[in-house]
$ cat work.txt   # compact mmCIF, C-alpha atoms
# COMPACT_ATOMS: atom_id res chain seq x y z
CA MET A 1 4.80 -7.44 39.68
CA ALA A 2 1.23 -7.36 38.46
CA GLU A 3 0.55 -7.26 34.75
CA ARG A 4 0.33 -3.65 33.64
CA ALA A 5 -0.95 -2.28 30.37
CA LYS A 6 1.35 0.34 28.88
CA VAL A 7 2.37 2.35 25.85
CA LEU A 8 5.99 2.57 24.68
CA LYS A 9 6.46 5.81 22.74
CA PHE A 10 8.55 5.67 19.58
CA ASP A 11 11.20 8.23 18.66
CA ALA A 12 13.54 7.72 15.69
CA PHE A 13 13.54 3.92 15.93
CA CYS A 14 14.12 3.89 19.64
CA TRP A 15 11.38 3.25 22.19
CA GLU A 16 10.93 4.85 25.58
CA GLY A 17 12.61 2.81 28.29
CA VAL A 18 13.97 0.21 25.88
CA GLY A 19 17.71 -0.29 25.68
CA ARG A 20 19.54 -1.01 22.46
CA ALA A 21 21.66 -4.13 22.79
CA ALA A 22 24.27 -5.82 20.70
CA TYR A 23 22.71 -8.49 18.52
CA LYS A 24 24.79 -11.25 20.13
CA ARG A 25 27.41 -11.27 22.81
CA PHE A 26 29.91 -13.01 20.61
CA ALA A 27 30.69 -12.40 16.97
CA ALA A 28 29.44 -15.21 14.74
CA HIS A 29 29.63 -14.01 11.15
CA HIS A 30 27.39 -11.01 11.53
CA ARG A 31 27.93 -7.26 11.12
CA GLY A 32 26.17 -4.08 12.12
CA VAL A 33 23.18 -5.58 13.89
CA SER A 34 21.44 -4.20 16.99
CA ARG A 35 18.47 -5.51 18.95
CA GLN A 36 15.77 -3.85 21.03
CA THR A 37 13.30 -5.99 22.96
CA LEU A 38 10.01 -4.09 22.81
CA LEU A 39 7.45 -6.33 24.51
CA GLY A 40 7.50 -9.68 26.27
CA GLU A 41 10.44 -9.50 28.63
CA GLY A 42 9.68 -6.37 30.65
CA GLU A 43 8.23 -6.09 34.13
CA GLY A 44 4.58 -6.98 34.26
CA GLU A 45 4.63 -8.63 30.84
CA ALA A 46 4.83 -12.26 31.97
CA ALA A 47 1.45 -13.06 30.40
CA LEU A 48 2.98 -12.73 26.93
CA SER A 49 4.15 -16.13 25.69
CA PHE A 50 6.02 -14.48 22.82
CA VAL A 51 8.54 -11.66 22.53
CA THR A 52 8.47 -8.72 20.09
CA ARG A 53 11.97 -7.56 19.18
CA TYR A 54 13.18 -4.85 16.80
CA PHE A 55 16.38 -5.58 14.89
CA GLU A 56 18.28 -3.02 12.88
CA ILE A 57 21.02 -3.83 10.39
CA GLN A 58 23.26 -1.03 9.17
CA PRO A 59 23.82 -0.60 5.41
CA GLY A 60 26.06 -3.43 4.21
CA GLY A 61 25.52 -5.42 7.42
CA TYR A 62 24.04 -8.87 7.87
CA SER A 63 22.79 -11.24 10.56
CA THR A 64 24.21 -14.68 11.26
CA LEU A 65 23.27 -17.44 8.82
CA GLU A 66 21.58 -19.82 11.24
CA ARG A 67 18.75 -22.23 11.91
CA HIS A 68 16.73 -23.33 14.94
CA GLY A 69 13.64 -25.29 15.84
CA HIS A 70 11.42 -22.30 16.66
CA PRO A 71 9.77 -20.21 13.92
CA HIS A 72 10.06 -16.45 13.37
CA ALA A 73 7.34 -14.01 12.33
CA VAL A 74 9.00 -10.93 10.81
CA VAL A 75 7.56 -7.59 9.67
CA VAL A 76 9.94 -5.09 8.05
CA LEU A 77 9.59 -1.52 9.34
CA ARG A 78 12.21 0.39 7.34
CA GLY A 79 14.83 0.11 4.64
CA ARG A 80 15.56 -2.46 1.98
CA GLY A 81 17.38 -5.72 2.04
CA GLU A 82 17.26 -9.39 1.33
CA VAL A 83 16.53 -12.49 3.30
CA ALA A 84 17.97 -15.90 2.51
CA LEU A 85 15.47 -18.64 3.35
CA GLY A 86 16.70 -22.18 2.87
CA GLY A 87 18.79 -21.38 -0.17
CA THR A 88 16.41 -18.89 -1.84
CA THR A 89 17.05 -15.15 -1.55
CA HIS A 90 14.08 -12.75 -1.45
CA GLN A 91 14.15 -8.97 -1.75
CA ILE A 92 12.40 -7.28 1.16
CA ALA A 93 11.27 -3.74 1.92
CA ALA A 94 9.13 -1.89 4.46
CA HIS A 95 6.07 -3.81 5.67
CA ASP A 96 6.89 -7.05 3.87
CA CYS A 97 6.34 -10.07 6.11
CA VAL A 98 8.61 -13.08 6.42
CA TYR A 99 7.80 -16.44 7.90
CA VAL A 100 10.93 -18.34 8.92
CA ALA A 101 9.77 -21.93 9.33
CA PRO A 102 11.46 -24.26 11.84
CA GLU A 103 14.96 -25.42 10.83
CA THR A 104 15.11 -23.09 7.83
CA ALA A 105 18.58 -21.60 7.40
CA HIS A 106 18.09 -17.83 7.24
CA GLN A 107 20.06 -14.59 7.04
CA PHE A 108 19.06 -10.95 6.67
CA ARG A 109 21.13 -8.34 4.81
CA ALA A 110 20.71 -4.58 4.50
CA THR A 111 21.26 -3.66 0.87
CA GLY A 112 19.95 -0.08 0.71
CA GLY A 113 21.37 3.24 1.82
CA GLU A 114 19.51 3.26 5.14
CA PRO A 115 19.31 0.64 7.89
CA LEU A 116 17.09 -2.39 7.44
CA GLY A 117 14.80 -2.48 10.48
CA PHE A 118 12.34 -5.25 11.25
CA LEU A 119 10.17 -6.64 13.99
CA CYS A 120 10.83 -10.30 14.81
CA MET A 121 8.41 -12.18 17.04
CA VAL A 122 9.41 -15.45 18.70
CA ASP A 123 8.19 -17.73 21.45
CA ARG A 124 9.50 -16.69 24.85
CA VAL A 125 10.71 -20.26 25.46
CA ARG A 126 12.75 -21.39 22.47
CA ASP A 127 15.83 -23.30 21.41
CA ARG A 128 19.19 -21.71 20.70
CA PRO A 129 20.12 -20.76 17.13
CA ARG A 130 22.85 -22.84 15.51
CA PRO A 131 25.15 -21.14 12.99
CA VAL A 132 25.07 -22.84 9.60
CA MET B 133 1.23 -29.34 4.70
CA ALA B 134 4.88 -29.05 5.68
CA GLU B 135 6.10 -25.86 7.25
CA ARG B 136 7.26 -23.51 4.53
CA ALA B 137 9.27 -20.34 4.87
CA LYS B 138 7.84 -17.47 2.85
CA VAL B 139 7.74 -13.75 2.19
CA LEU B 140 4.46 -11.83 1.97
CA LYS B 141 5.00 -8.75 -0.17
CA PHE B 142 3.41 -5.50 0.96
CA ASP B 143 1.55 -3.10 -1.32
CA ALA B 144 -0.39 -0.12 0.05
CA PHE B 145 -1.28 -1.79 3.35
CA CYS B 146 -2.37 -5.01 1.74
CA TRP B 147 -0.25 -8.14 1.62
CA GLU B 148 0.07 -10.67 -1.20
CA GLY B 149 -2.40 -13.49 -0.76
CA VAL B 150 -3.93 -12.05 2.42
CA GLY B 151 -7.63 -11.22 2.42
CA ARG B 152 -9.10 -8.22 4.17
CA ALA B 153 -11.89 -9.27 6.51
CA ALA B 154 -14.48 -7.47 8.51
CA TYR B 155 -13.26 -6.91 12.05
CA LYS B 156 -16.09 -8.95 13.54
CA ARG B 157 -19.03 -10.77 12.03
CA PHE B 158 -21.51 -8.92 14.18
CA ALA B 159 -21.57 -5.28 15.07
CA ALA B 160 -20.65 -4.66 18.69
CA HIS B 161 -20.09 -0.96 19.12
CA HIS B 162 -17.30 -0.60 16.60
CA ARG B 163 -16.94 1.35 13.36
CA GLY B 164 -14.69 1.30 10.31
CA VAL B 165 -12.38 -1.53 11.34
CA SER B 166 -10.85 -4.17 9.04
CA ARG B 167 -8.54 -7.08 9.82
CA GLN B 168 -5.87 -8.92 7.83
CA THR B 169 -4.22 -12.01 9.30
CA LEU B 170 -0.62 -11.87 8.13
CA LEU B 171 1.11 -14.82 9.77
CA GLY B 172 0.08 -17.68 12.03
CA GLU B 173 -3.06 -19.08 10.45
CA GLY B 174 -1.92 -19.83 6.89
CA GLU B 175 -0.96 -23.15 5.38
CA GLY B 176 2.36 -24.43 6.64
CA GLU B 177 2.42 -22.01 9.57
CA ALA B 178 1.27 -24.36 12.30
CA ALA B 179 4.58 -24.02 14.15
CA LEU B 180 3.67 -20.45 15.13
CA SER B 181 1.96 -20.41 18.52
CA PHE B 182 0.92 -16.79 18.00
CA VAL B 183 -0.83 -14.87 15.24
CA THR B 184 0.24 -11.56 13.66
CA ARG B 185 -2.78 -9.53 12.49
CA TYR B 186 -3.00 -6.08 10.89
CA PHE B 187 -5.97 -3.94 11.89
CA GLU B 188 -6.94 -0.74 10.20
CA ILE B 189 -9.41 1.79 11.56
CA GLN B 190 -10.79 4.46 9.26
CA PRO B 191 -10.70 8.12 10.40
CA GLY B 192 -13.30 8.58 13.11
CA GLY B 193 -13.67 4.83 13.60
CA TYR B 194 -13.07 2.75 16.71
CA SER B 195 -12.76 -0.85 17.89
CA THR B 196 -15.02 -2.49 20.45
CA LEU B 197 -14.37 -1.59 24.10
CA GLU B 198 -13.62 -5.05 25.45
CA ARG B 199 -11.53 -7.21 27.72
CA HIS B 200 -10.24 -10.79 27.73
CA GLY B 201 -7.80 -13.04 29.53
CA HIS B 202 -5.12 -13.10 26.81
CA PRO B 203 -2.68 -10.21 26.34
CA HIS B 204 -2.06 -8.20 23.17
CA ALA B 205 1.26 -6.93 21.82
CA VAL B 206 0.56 -4.00 19.48
CA VAL B 207 2.85 -1.99 17.17
CA VAL B 208 1.34 0.95 15.27
CA LEU B 209 2.28 1.10 11.57
CA ARG B 210 0.46 4.20 10.34
CA GLY B 211 -1.75 7.09 11.35
CA ARG B 212 -2.64 8.64 14.67
CA GLY B 213 -5.11 7.70 17.32
CA GLU B 214 -5.71 6.90 20.91
CA VAL B 215 -5.98 3.79 22.97
CA ALA B 216 -8.01 3.49 26.15
CA LEU B 217 -6.32 1.13 28.60
CA GLY B 218 -8.23 0.44 31.78
CA GLY B 219 -9.62 3.94 32.05
CA THR B 220 -6.55 5.88 30.88
CA THR B 221 -6.38 7.21 27.32
CA HIS B 222 -3.00 7.41 25.56
CA GLN B 223 -2.18 9.16 22.28
CA ILE B 224 -0.53 6.81 19.80
CA ALA B 225 1.23 7.24 16.46
CA ALA B 226 3.33 5.21 14.04
CA HIS B 227 5.69 2.71 15.68
CA ASP B 228 4.44 3.24 19.22
CA CYS B 229 3.98 -0.06 21.07
CA VAL B 230 1.07 -0.98 23.30
CA TYR B 231 0.90 -3.79 25.80
CA VAL B 232 -2.67 -4.75 26.62
CA ALA B 233 -2.40 -6.77 29.83
CA PRO B 234 -4.91 -9.54 30.60
CA GLU B 235 -8.39 -8.32 31.57
CA THR B 236 -7.61 -4.69 30.74
CA ALA B 237 -10.57 -2.97 29.09
CA HIS B 238 -9.22 -1.47 25.87
CA GLN B 239 -10.39 0.40 22.77
CA PHE B 240 -8.56 1.92 19.80
CA ARG B 241 -9.72 5.06 17.96
CA ALA B 242 -8.43 6.69 14.77
CA THR B 243 -8.23 10.43 15.42
CA GLY B 244 -6.18 11.67 12.46
CA GLY B 245 -6.97 12.28 8.82
CA GLU B 246 -5.65 8.91 7.66
CA PRO B 247 -6.41 5.38 8.87
CA LEU B 248 -4.87 4.12 12.09
CA GLY B 249 -3.12 0.85 11.22
CA PHE B 250 -1.48 -1.46 13.71
CA LEU B 251 -0.08 -4.93 14.13
CA CYS B 252 -1.63 -6.93 16.95
CA MET B 253 -0.03 -10.18 18.05
CA VAL B 254 -1.96 -12.71 20.13
CA ASP B 255 -1.69 -16.32 21.18
CA ARG B 256 -3.20 -18.68 18.62
CA VAL B 257 -5.24 -20.33 21.38
CA ARG B 258 -7.03 -17.65 23.37
CA ASP B 259 -10.29 -16.77 25.10
CA ARG B 260 -13.09 -14.77 23.49
CA PRO B 261 -13.25 -10.99 24.02
CA ARG B 262 -16.11 -9.76 26.18
CA PRO B 263 -17.60 -6.32 25.40
CA VAL B 264 -17.42 -3.95 28.37
$ encode --input "work.txt" --output "structure tokens"
Amino acid sequence: MAERAKVLKFDAFCWEGVGRAAYKRFAAHHRGVSRQTLLGEGEGEAALSFVTRYFEIQPGGYSTLERHGHPHAVVVLRGRGEVALGGTTHQIAAHDCVYVAPETAHQFRATGGEPLGFLCMVDRVRDRPRPV
Amino acid sequence: MAERAKVLKFDAFCWEGVGRAAYKRFAAHHRGVSRQTLLGEGEGEAALSFVTRYFEIQPGGYSTLERHGHPHAVVVLRGRGEVALGGTTHQIAAHDCVYVAPETAHQFRATGGEPLGFLCMVDRVRDRPRPV
């Protein structure tokens, strides 16, 4: 399919035509995490070499503590939480940015009363995460 | 410098340690646009093959109508506006996503009472925009 410019309309942290998926197919020390792939894997988007995903962690939930060779660029969209980066824990809130450097062990937690939602951009071609 | 994981704290649509730059050095049919490069060009971020920028357009302002070979992945963070994509104009608001496919003529306009702010992710290595 030819590349096609488009707009994905937002409504209550869902996007038109975008499905909400489980974070991972198999449980690996995570809780309450969902994933929506916004841009980079859809039809007509092959020109994008990176993928823009939206992750949401329910209050009290957390992502897998893991590392991998590819970096992450993260921008928080809603809620409050913390991110562990190589042994240091940082408080994060809406619009804070996080750079997860290669091979840095990292984990996100939602610590507020509402979900912690963040964009996470990664290379389309990347290595698999390894639980720590 | 070694790759270094980090958090950039947000405060009123500025980020810690990130300068606000003019959109372009030379005027080219744009008005009221500023740019902040959040992730992908800083020290210790060389592993990122793409750059996350934040653009803000003041009420009534607009970006250059232009095209280029690289695609854009855009996520609106604040305000209201419209984006022209290859001859079609779409209304956009906070958290809407826009995919600007290669060689699509595009232009953003702030149409509300507050600035239109959006993230725009691009490949680090990319061709120059050409005004339309």
$ closest_residue --input "work.txt" --among "A:Arg67, A:Arg126, A:His95, A:Arg53" --to "chain B" --atoms "only C-alpha atoms"
A:His95
$ closest_residue --input "work.txt" --among "B:Ala179, B:Cys229, B:Leu248, B:Leu171" --to "Val18 of chain A" --atoms "all atoms listed in the file"
B:Cys229
$ atom_distance --input "work.txt" --atom1 "atom CA of Gly79 of chain A" --atom2 "atom CA of Pro115 of chain A"
5.6 Å
$ interface_residues --input "work.txt" --of "chain B" --to "chain A" --cutoff "6 Å" --atoms "only C-alpha atoms" --output "list in words"
Glu135, Arg136, Ala137, Lys138, Val139, Leu140, Lys141, Phe142, His227, Asp228, Cys229, Val230, Tyr231, Val232 and Ala233 of chain B
$ atom_distance --input "work.txt" --atom1 "atom CA of His161 of chain B" --atom2 "atom CA of Arg262 of chain B"
12.0 Å
$ decode --input "work.txt" --residues "segment 77-122 of chain A" --atoms "C-alpha atoms" --output "mmCIF file, in the first residue's frame"
data_model
loop_
_atom_site.group_PDB
_atom_site.id
_atom_site.type_symbol
_atom_site.label_atom_id
_atom_site.label_comp_id
_atom_site.auth_asym_id
_atom_site.auth_seq_id
_atom_site.Cartn_x
_atom_site.Cartn_y
_atom_site.Cartn_z
ATOM 1 C CA LEU A 77 1.114 12.110 28.828
ATOM 2 C CA ARG A 78 -0.849 11.592 32.050
ATOM 3 C CA GLY A 79 -0.612 10.598 35.676
ATOM 4 C CA ARG A 80 2.258 10.265 38.095
ATOM 5 C CA GLY A 81 4.762 7.554 38.708
ATOM 6 C CA GLU A 82 8.372 6.623 38.933
ATOM 7 C CA VAL A 83 10.933 5.170 36.611
ATOM 8 C CA ALA A 84 13.899 3.106 37.736
ATOM 9 C CA LEU A 85 16.904 3.743 35.495
ATOM 10 C CA GLY A 86 19.962 1.652 36.233
ATOM 11 C CA GLY A 87 19.439 1.639 39.966
ATOM 12 C CA THR A 88 18.223 5.245 40.379
ATOM 13 C CA THR A 89 14.517 5.974 40.778
ATOM 14 C CA HIS A 90 13.086 9.220 39.372
ATOM 15 C CA GLN A 91 9.648 10.703 39.987
ATOM 16 C CA ILE A 92 7.805 11.425 36.750
ATOM 17 C CA ALA A 93 4.644 13.297 35.826
ATOM 18 C CA ALA A 94 2.855 14.562 32.711
ATOM 19 C CA HIS A 95 5.158 15.784 29.936
ATOM 20 C CA ASP A 96 8.403 14.739 31.615
ATOM 21 C CA CYS A 97 10.770 13.050 29.157
ATOM 22 C CA VAL A 98 12.839 9.954 29.811
ATOM 23 C CA TYR A 99 15.791 8.698 27.837
ATOM 24 C CA VAL A 100 16.426 4.999 28.429
ATOM 25 C CA ALA A 101 19.953 4.424 27.165
ATOM 26 C CA PRO A 102 20.996 1.049 25.709
ATOM 27 C CA GLU A 103 21.360 -1.751 28.270
ATOM 28 C CA THR A 104 19.949 0.354 31.104
ATOM 29 C CA ALA A 105 17.726 -1.721 33.394
ATOM 30 C CA HIS A 106 14.416 0.152 33.606
ATOM 31 C CA GLN A 107 10.930 -0.168 35.069
ATOM 32 C CA PHE A 108 7.932 2.162 35.181
ATOM 33 C CA ARG A 109 5.431 2.291 38.063
ATOM 34 C CA ALA A 110 2.149 4.163 38.429
ATOM 35 C CA THR A 111 2.096 5.710 41.888
ATOM 36 C CA GLY A 112 -0.816 8.162 41.652
ATOM 37 C CA GLY A 113 -4.568 7.736 41.733
ATOM 38 C CA GLU A 114 -4.943 7.737 37.947
ATOM 39 C CA PRO A 115 -3.182 5.687 35.273
ATOM 40 C CA LEU A 116 0.354 6.573 34.248
ATOM 41 C CA GLY A 117 0.273 7.007 30.464
ATOM 42 C CA PHE A 118 3.312 7.628 28.302
ATOM 43 C CA LEU A 119 4.486 7.623 24.726
ATOM 44 C CA CYS A 120 7.473 5.371 24.053
ATOM 45 C CA MET A 121 9.302 5.626 20.739
ATOM 46 C CA VAL A 122 11.616 2.848 19.557
#
